[in-house]
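Encoded as structure tokens, the structure appears first; notes follow it.
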Amino acid sequence: MIFRASLALICATAIANATGVALPPVDTMNCDQMMAELTVAGQKMNSQLDPEFATEAQAMASEAQGGGSAGAIAQGVGMSVACSIPGVGMFCMAAMQAQAVTLGAQAEQNLERMQAQMERMEKAMEGIDVERMQALSQRFEAQACKVPQQ
């Protein structure tokens, strides 16, 4: 029975979205109705999501786990300690300046990558009423609705 109700709501939601018919107010919807509408929106977003988003997200996660900037920071601390040794100061200062330039370039590149990811996400959300999805999510959680296990 729940499956039929969900399927009916999915069809009604798709038709309403296509024809511009008003959807029911969020505060009147039950758990099955909310789940169905959230599912449809999620499927639409997924179908519009640039495949590069997942590839880039995985690459960024791998870099973060591999040390990335944290490793460079640790190396910088070690270099600072080495620079405190008399007679090595001038060499160390030049090396630290070079490292700072490299870190700045990496930070700028990472910022550009994050901005590209945000643009991909925005494009995936085109045609989705984000405010309604947020309201549905909040009500879904407030009503302690259960996500069906497959």
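Residue numbering restarts at 1 for every chain of the structure tokens, chains are lettered A, B, ... in their displayed order, and ligands are numbered from 1 as they appear.
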
Next item on the list: Please provide as a PyMOL selection string all residues within 10 Å of A:Gly42, with the sequence filter that same-chain residues fewer than 4 positions apart are discarded (counting only C-alpha atoms).
Entry: chain A and resi 36-38+46-48+124-125+128+133

Notebook entry, point to check: Between atom CA of A:Asp32 and atom CA of A:Gln134, what is the distance, to one decimal in Å?
Noted result: 16.4 Å

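Here the question is which of A:Gln117, A:Gln109, A:Gln149, A:Gln33 gets nearest to A:Leu136 using only C-alpha atoms, and that residue is A:Gln33.
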
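Separating atom CA of A:Gln143 from atom CA of A:Asp129 is a distance of 20.9 Å.
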
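Using only C-alpha atoms, the smallest distance between any of A:Met35, A:Ala144, A:Met114, A:Arg120 and A:Ala59 comes from A:Met114.
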